[in-house]
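> Attaching a single structure in structure tokens format; questions to follow.
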Amino acid sequence: MAEMKKKIALAALSAVVALAGAQGCADAGKLSTSYIDPDQITKVPFGSHSHWAQPWRAYSATLPASVFLNGVGVNFNVIHEDPQLIAKMLATHGVRSARLEIGWGSLSYDDETKLVPAQEKRLTVLLTALKDNGIRPLILLNAHQGGPCPNIIVNRVVAADAHTGDTTVRLKDTSGLKVGYSGLSYLVGYILADQIITKIDGDTVTLAKPLPKDLTAGATVQVGTLKYRPFSKPGTDDYDATIAGWQKYVGVVAQYVAGVLGTTGSKDKGFDMEIWNELTFGNQFLTINNYYPGKYQDYNPQSIYTNLVKATADYVDDHASQFSGVEFGDGFANTIPWPAASDEPSRIWAIDKHPYPSRKTYPKDNAKGFTLNAKYEQDSYAPSYTALFPEYNGTFIQTESAIRDMAPIKNMVGRSAHGALSRQVNGKTKPMSVWLTEGNTAPGVDSPSTPVDQILRIKAKSALRFYTFFLNKGATKVDLYAAMSANRTLGDREVGLIQTNFVDYALKKDATYPDDDSSYTSPTLASLGRLTAKMKSGLDPNLTAQSISLTDISDTHDHTQFTGDGTPEHPNLYDRDVFAFLPFQVNSHRFVIPYYVMTRDILKPLDPEKFTLTLDGFSGKKAAITVYDPINDKTVPVSVDSSSGQGAKVTVTAADYPYLLIIDDPTLK
């Protein structure tokens, strides 16, 4: 698997070199540059941004369809629903990966080789459902502040009034509490042992930080005891103990998951792992300084971002047989741009991202930093338009972009080299992938007045664009958030692949999967199922793909996503400029190519429009060429304008979501 992916990445680089030809003309109806143009990345350095550069057009690769099929995933946020029914609905319609958190706090305080019984029971049911339905788990390793490591929680009664700002509290019982590890919990926010105890004198406990609220005599408070101290200054005994505890946790979870999946003795354990969730919430345990006033320990607390990844990789290397076939992703990168391929340990396979595009209105929301115009010159001009679209984090509208890590083109962020081919291990290139372990758009929340039936269709468009774009441009997992809406009030207006009526059905006692699931299947899953069916038909899972390329595109309508001011520096952004062409190969002779106009506002429907494409890499004279619409489940007209032994010129109709251009060339072997 890893070797195949390395070939894919190297093929992508070759494609960049081969297709970065001469600049095209700027005639009406044509691109102003070659469709593939590395300048779209290399001339927009980190710290600058552009409304015109399309960095995803800096490179192109034809990937095996198995890369797409294996990468389609969700976050498995099942709580009360029957997980077997939820997993089957997902698997039936093409989902092959599911992210599931098994936090460090799931381990028993008294016996760290085991999970807390209630957690083990819950997680075993969920993992079994994924196993039974052929869905590969992505296990999130995390230490959320609400229960960051093995712990014990007890209730204690306050013996005397205590007031906001006090640093001592009297409790009727202090037995079993441990200085430096125990603390009052959940007083303000969901944080275990937030008010760390620094001294116990009879019934009086001294707190590291002043009380954030009043406590009255007779009130019950929760006191948590941590098995390990929060991550501390590297080189201290506390730091070493906590790192060792984390490594033990990684091993225990891996052993447990393999046991449930029945893969303990297998070469591929059948699951993958992500190190940490993200840095936007729940991260208090990452530094001990969060639990004490001032600068309790003098060090860079962000050092844990790389140290914990390295410690995990070291443990995995030292216990290689326990992790055979298990790929690891760096989750610290989910919401920050700094982790780079060139700095990642050899055992880490992916840099992870959490793209959640929100509506932007320009020029009001123009990003900070240097704005570059269409000639890559610094400029203060920004066009007027609104944006809410799945691929936002694959553009340079802001400088932080997943493309900087997905592209097989070296680019610098600070002193570190980013890009899929930027890592060197023992003098050889070791490709780095990207995983989208969360992400989605929320059109129903953005536009609460839009009818639900329209929102369901827009969600389908968005999901297909997420999956096809990112899985073609360098990601190997796209686990959208989430399997179903986490907000029952919003229901189908909220993010979620599964339709609310099926979620309700899965809550019923003794419910079985329906013989005909069509009335329960969301437009997203129905469309995804049709798309993946086209990818699976005749699939060769061991295929090494060959290149098929789009070398030219033109149109006669000059439709735009935004208008400029008429100067060469600030031209219109035409629909042809954002025409996405995302080739996959199913077997030696069959290609399935999602294509669409990457509209800037997913809520504004695009009337289908025609483009003329010049394609290379197959025999246009022998190939059968068709187009399929997976949302409406119908064929779409396509005309072959000219053909040769090397390709064809075709006129296609494009929408604001993927149609599938299917090329079957019997001369290819």
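Each chain in the structure tokens gets a letter, A, B and so on, in the order shown; residues start at 1 in every chain, and ligands are counted from 1 in the order they appear.
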At most 8 Å is the cut-off: for each residue in stretch 137-254 of chain A with any atom that close to an atom of stretch 296-319 of chain A, write down the nearest atom pair and the distance in Å rounded to one decimal, counting only C-alpha atoms, chain first then increasing number, as a tab-separated table.

residue	atom	partner	partner_atom	distance
A:Phe231	CA	A:Ile304	CA	7.6
A:Ser232	CA	A:Gln297	CA	7.5
A:Lys233	CA	A:Tyr299	CA	6.1
A:Ile243	CA	A:Ala311	CA	7.2
A:Gln247	CA	A:Thr312	CA	6.1
A:Val250	CA	A:Thr312	CA	7.5
> Enumerate the residues of stretch 249-303 of chain A with a DSSP assignment of alpha helix (DSSP H), computed from the backbone, and present them as a PyMOL selection string.
chain A and resi 249-261+303
> Using only C-alpha atoms, which residue out of A:Gly270, A:Gly414, A:Gly419, A:Gly491 lies closest to A:Ala442?
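Comparing A:Gly270, A:Gly414, A:Gly419, A:Gly491 against A:Ala442, the winner is A:Gly491.
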> I'd like to know which residues of stretch 490-560 of chain A are strand (DSSP E) (by DSSP, run on the backbone); could you write them as JSON, numbers by chain?
{"A": [549, 550, 551, 552, 553, 554, 560]}
> Could you write out that same residue set with N, CA and C atoms as a PDB file, in the first residue's frame?

ATOM      1  N   SER A 549      -4.777  13.475 -19.337  1.00  0.00           N
ATOM      2  CA  SER A 549      -4.632  14.878 -18.982  1.00  0.00           C
ATOM      3  C   SER A 549      -5.540  15.787 -19.796  1.00  0.00           C
ATOM      4  N   LEU A 550      -5.882  16.902 -19.157  1.00  0.00           N
ATOM      5  CA  LEU A 550      -6.600  17.997 -19.805  1.00  0.00           C
ATOM      6  C   LEU A 550      -5.553  19.027 -20.211  1.00  0.00           C
ATOM      7  N   THR A 551      -5.379  19.236 -21.499  1.00  0.00           N
ATOM      8  CA  THR A 551      -4.337  20.153 -21.968  1.00  0.00           C
ATOM      9  C   THR A 551      -4.880  21.507 -22.398  1.00  0.00           C
ATOM     10  N   ASP A 552      -6.184  21.593 -22.623  1.00  0.00           N
ATOM     11  CA  ASP A 552      -6.749  22.876 -23.013  1.00  0.00           C
ATOM     12  C   ASP A 552      -8.241  22.876 -22.706  1.00  0.00           C
ATOM     13  N   ILE A 553      -8.772  24.052 -22.415  1.00  0.00           N
ATOM     14  CA  ILE A 553     -10.194  24.207 -22.155  1.00  0.00           C
ATOM     15  C   ILE A 553     -10.644  25.548 -22.713  1.00  0.00           C
ATOM     16  N   SER A 554     -11.828  25.576 -23.288  1.00  0.00           N
ATOM     17  CA  SER A 554     -12.375  26.823 -23.816  1.00  0.00           C
ATOM     18  C   SER A 554     -13.890  26.809 -23.681  1.00  0.00           C
ATOM     19  N   THR A 560     -18.633  34.014 -15.305  1.00  0.00           N
ATOM     20  CA  THR A 560     -17.642  34.354 -14.287  1.00  0.00           C
ATOM     21  C   THR A 560     -18.103  33.982 -12.885  1.00  0.00           C
TER      22      THR A 560
END
> Which residues are close to A:Val592, i.e. within 10 Å by only C-alpha atoms, leaving aside same-chain residues fewer than 3 positions away? Reply as a list of chain:residue names.
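Near A:Val592, the qualifying residues are A:Thr62, A:Pro64, A:Ala65, A:Leu531, A:Lys534, A:Met535, A:Leu582, A:Pro583, A:Phe584, A:Gln585, A:Val586, A:Asn587, A:Tyr595, A:Thr626, A:Val627, A:Tyr628, A:Tyr659, A:Leu660, A:Leu661, A:Ile662, A:Ile663, A:Asp664.
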> In Å, with one decimal, what is the gap from atom CA of A:Gly647 to atom CA of A:Lys610?
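Answer for the atom CA of A:Gly647 to atom CA of A:Lys610 separation: 19.3 Å.
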> Could you state the separation of atom CA of A:Gln499 and atom CA of A:Ser522 in Å, given to one decimal place?
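Atom CA of A:Ser522 lies 4.9 Å from atom CA of A:Gln499.
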> At what distance in Å, to one decimal, does atom CA of A:Thr635 lie from atom CA of A:Phe68?
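For atom CA of A:Phe68 relative to atom CA of A:Thr635, the distance reads 21.7 Å.
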> Need the shell around stretch 71-76 of chain A: protein/DNA/RNA residues with any atom at most 9 Å away, counting only C-alpha atoms. Skip same-chain ones fewer than 2 positions apart. Format as a ChimeraX atom specification?
/A:66-69,78,83,86-87,90,94-101,126,135-136,138,435,437-438,467,471,475-484,496-497
> Go ahead and save the picked residues with N, CA and C atoms, as an mmCIF file, in the first residue's frame.

data_model
loop_
_atom_site.group_PDB
_atom_site.id
_atom_site.type_symbol
_atom_site.label_atom_id
_atom_site.label_comp_id
_atom_site.auth_asym_id
_atom_site.auth_seq_id
_atom_site.Cartn_x
_atom_site.Cartn_y
_atom_site.Cartn_z
ATOM 1 N N SER A 66 -9.066 2.990 -6.616
ATOM 2 C CA SER A 66 -9.044 2.446 -5.263
ATOM 3 C C SER A 66 -8.647 3.506 -4.242
ATOM 4 N N VAL A 67 -7.834 4.490 -4.646
ATOM 5 C CA VAL A 67 -7.473 5.581 -3.739
ATOM 6 C C VAL A 67 -8.726 6.345 -3.331
ATOM 7 N N PHE A 68 -9.579 6.598 -4.302
ATOM 8 C CA PHE A 68 -10.843 7.281 -3.996
ATOM 9 C C PHE A 68 -11.732 6.411 -3.115
ATOM 10 N N LEU A 69 -11.936 5.179 -3.526
ATOM 11 C CA LEU A 69 -12.876 4.306 -2.811
ATOM 12 C C LEU A 69 -12.456 4.095 -1.361
ATOM 13 N N VAL A 78 -22.050 8.039 16.551
ATOM 14 C CA VAL A 78 -23.203 7.295 17.054
ATOM 15 C C VAL A 78 -23.207 7.337 18.585
ATOM 16 N N PRO A 83 -25.731 1.109 16.068
ATOM 17 C CA PRO A 83 -24.555 1.331 15.220
ATOM 18 C C PRO A 83 -24.494 0.402 14.013
ATOM 19 N N ILE A 86 -26.598 2.175 11.353
ATOM 20 C CA ILE A 86 -25.912 3.370 10.858
ATOM 21 C C ILE A 86 -24.742 2.970 9.972
ATOM 22 N N ALA A 87 -23.951 1.999 10.419
ATOM 23 C CA ALA A 87 -22.790 1.560 9.641
ATOM 24 C C ALA A 87 -23.216 0.944 8.312
ATOM 25 N N LEU A 90 -24.192 3.648 5.817
ATOM 26 C CA LEU A 90 -22.988 4.289 5.283
ATOM 27 C C LEU A 90 -22.263 3.388 4.288
ATOM 28 N N GLY A 94 -21.129 3.540 -0.008
ATOM 29 C CA GLY A 94 -19.768 3.846 -0.423
ATOM 30 C C GLY A 94 -18.795 4.290 0.641
ATOM 31 N N VAL A 95 -19.214 4.421 1.894
ATOM 32 C CA VAL A 95 -18.298 4.869 2.936
ATOM 33 C C VAL A 95 -17.403 3.709 3.355
ATOM 34 N N ARG A 96 -16.077 3.962 3.396
ATOM 35 C CA ARG A 96 -15.120 2.897 3.706
ATOM 36 C C ARG A 96 -14.231 3.212 4.905
ATOM 37 N N SER A 97 -14.333 4.425 5.442
ATOM 38 C CA SER A 97 -13.490 4.833 6.565
ATOM 39 C C SER A 97 -14.354 5.550 7.590
ATOM 40 N N ALA A 98 -14.047 5.363 8.878
ATOM 41 C CA ALA A 98 -14.822 6.041 9.920
ATOM 42 C C ALA A 98 -13.914 6.396 11.085
ATOM 43 N N ARG A 99 -13.970 7.629 11.501
ATOM 44 C CA ARG A 99 -13.147 8.130 12.605
ATOM 45 C C ARG A 99 -13.886 7.958 13.923
ATOM 46 N N LEU A 100 -13.171 7.407 14.903
ATOM 47 C CA LEU A 100 -13.760 7.096 16.203
ATOM 48 C C LEU A 100 -12.738 7.400 17.288
ATOM 49 N N GLU A 101 -13.119 8.205 18.264
ATOM 50 C CA GLU A 101 -12.196 8.571 19.334
ATOM 51 C C GLU A 101 -12.175 7.524 20.438
ATOM 52 N N LEU A 126 -19.397 -0.357 18.832
ATOM 53 C CA LEU A 126 -19.164 0.518 17.681
ATOM 54 C C LEU A 126 -18.149 -0.088 16.719
ATOM 55 N N ILE A 135 -15.969 -1.275 7.121
ATOM 56 C CA ILE A 135 -15.503 0.106 7.267
ATOM 57 C C ILE A 135 -14.255 0.110 8.134
ATOM 58 N N ARG A 136 -13.189 0.727 7.640
ATOM 59 C CA ARG A 136 -11.910 0.748 8.351
ATOM 60 C C ARG A 136 -11.910 1.864 9.388
ATOM 61 N N LEU A 138 -10.574 4.722 11.828
ATOM 62 C CA LEU A 138 -9.476 5.640 12.115
ATOM 63 C C LEU A 138 -9.625 6.011 13.587
ATOM 64 N N TRP A 435 -4.605 13.800 5.394
ATOM 65 C CA TRP A 435 -5.929 13.292 5.757
ATOM 66 C C TRP A 435 -6.811 14.452 6.180
ATOM 67 N N THR A 437 -9.539 14.730 8.453
ATOM 68 C CA THR A 437 -10.180 13.877 9.452
ATOM 69 C C THR A 437 -11.449 14.501 10.031
ATOM 70 N N GLU A 438 -11.722 15.708 9.676
ATOM 71 C CA GLU A 438 -13.014 16.357 9.858
ATOM 72 C C GLU A 438 -13.157 17.389 8.760
ATOM 73 N N TYR A 467 -15.188 15.067 -1.505
ATOM 74 C CA TYR A 467 -14.564 13.765 -1.727
ATOM 75 C C TYR A 467 -13.741 13.746 -3.017
ATOM 76 N N LEU A 471 -9.556 13.961 -2.579
ATOM 77 C CA LEU A 471 -8.974 12.639 -2.798
ATOM 78 C C LEU A 471 -8.218 12.557 -4.122
ATOM 79 N N ALA A 475 -5.037 14.060 -0.814
ATOM 80 C CA ALA A 475 -5.511 13.442 0.422
ATOM 81 C C ALA A 475 -5.790 11.964 0.171
ATOM 82 N N THR A 476 -5.613 11.134 1.202
ATOM 83 C CA THR A 476 -5.963 9.717 1.076
ATOM 84 C C THR A 476 -7.055 9.294 2.058
ATOM 85 N N LYS A 477 -7.486 10.228 2.912
ATOM 86 C CA LYS A 477 -8.692 10.033 3.721
ATOM 87 C C LYS A 477 -9.456 11.352 3.739
ATOM 88 N N VAL A 478 -10.761 11.257 3.560
ATOM 89 C CA VAL A 478 -11.646 12.401 3.765
ATOM 90 C C VAL A 478 -12.791 11.902 4.633
ATOM 91 N N ASP A 479 -12.670 12.145 5.937
ATOM 92 C CA ASP A 479 -13.690 11.712 6.895
ATOM 93 C C ASP A 479 -14.539 12.922 7.267
ATOM 94 N N LEU A 480 -15.606 13.131 6.508
ATOM 95 C CA LEU A 480 -16.446 14.298 6.737
ATOM 96 C C LEU A 480 -17.120 14.217 8.104
ATOM 97 N N TYR A 481 -17.395 15.394 8.651
ATOM 98 C CA TYR A 481 -18.188 15.457 9.862
ATOM 99 C C TYR A 481 -19.631 15.737 9.440
ATOM 100 N N ALA A 482 -20.531 14.813 9.711
ATOM 101 C CA ALA A 482 -20.365 13.575 10.454
ATOM 102 C C ALA A 482 -21.356 12.589 9.855
ATOM 103 N N ALA A 483 -21.431 11.394 10.450
ATOM 104 C CA ALA A 483 -22.392 10.409 9.966
ATOM 105 C C ALA A 483 -23.804 10.963 9.992
ATOM 106 N N MET A 484 -24.128 11.712 11.038
ATOM 107 C CA MET A 484 -25.484 12.262 11.172
ATOM 108 C C MET A 484 -25.431 13.552 11.962
ATOM 109 N N GLY A 496 -24.232 16.381 8.209
ATOM 110 C CA GLY A 496 -24.533 14.972 8.447
ATOM 111 C C GLY A 496 -24.893 14.303 7.141
ATOM 112 N N LEU A 497 -24.311 13.106 6.905
ATOM 113 C CA LEU A 497 -24.577 12.398 5.658
ATOM 114 C C LEU A 497 -25.898 11.653 5.690
#
> With a distance cut-off of 6 Å and only C-alpha atoms, select the neighbouring residues of A:Pro230, excluding the residue or stretch itself and same-chain residues fewer than 4 positions from it, and output the selection as a ChimeraX atom specification.
/A:285,287-288
> Would you please work out which residue, of A:Gly202, A:Ala545, A:Val434, A:Thr220, is nearest to A:Tyr186 when using only C-alpha atoms?
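Checking each candidate against A:Tyr186, we get A:Thr220 as the closest.
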> What lies within 9 Å of stretch 112-120 of chain A using only C-alpha atoms, ignoring chain neighbours under 2 positions off, as a ChimeraX atom specification?
/A:102,105-110,122-125,150,245,248-249,251-253,256
> Nearest residue to A:Gly224 out of A:Val205, A:Ala511, A:Leu279, A:Asn155, using only C-alpha atoms?
A:Asn155
> For a quick check of understanding, using only C-alpha atoms, which of A:Leu141, A:Leu421, A:Val495, A:Leu543 has the smallest distance to A:Asn440?
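Comparing A:Leu141, A:Leu421, A:Val495, A:Leu543 against A:Asn440, the winner is A:Val495.
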> Name all residues at most 7 Å from A:Met432 (count only C-alpha atoms; drop same-chain ones fewer than 6 positions away) and give them as a PyMOL selection string.
chain A and resi 341+349-350+420-421
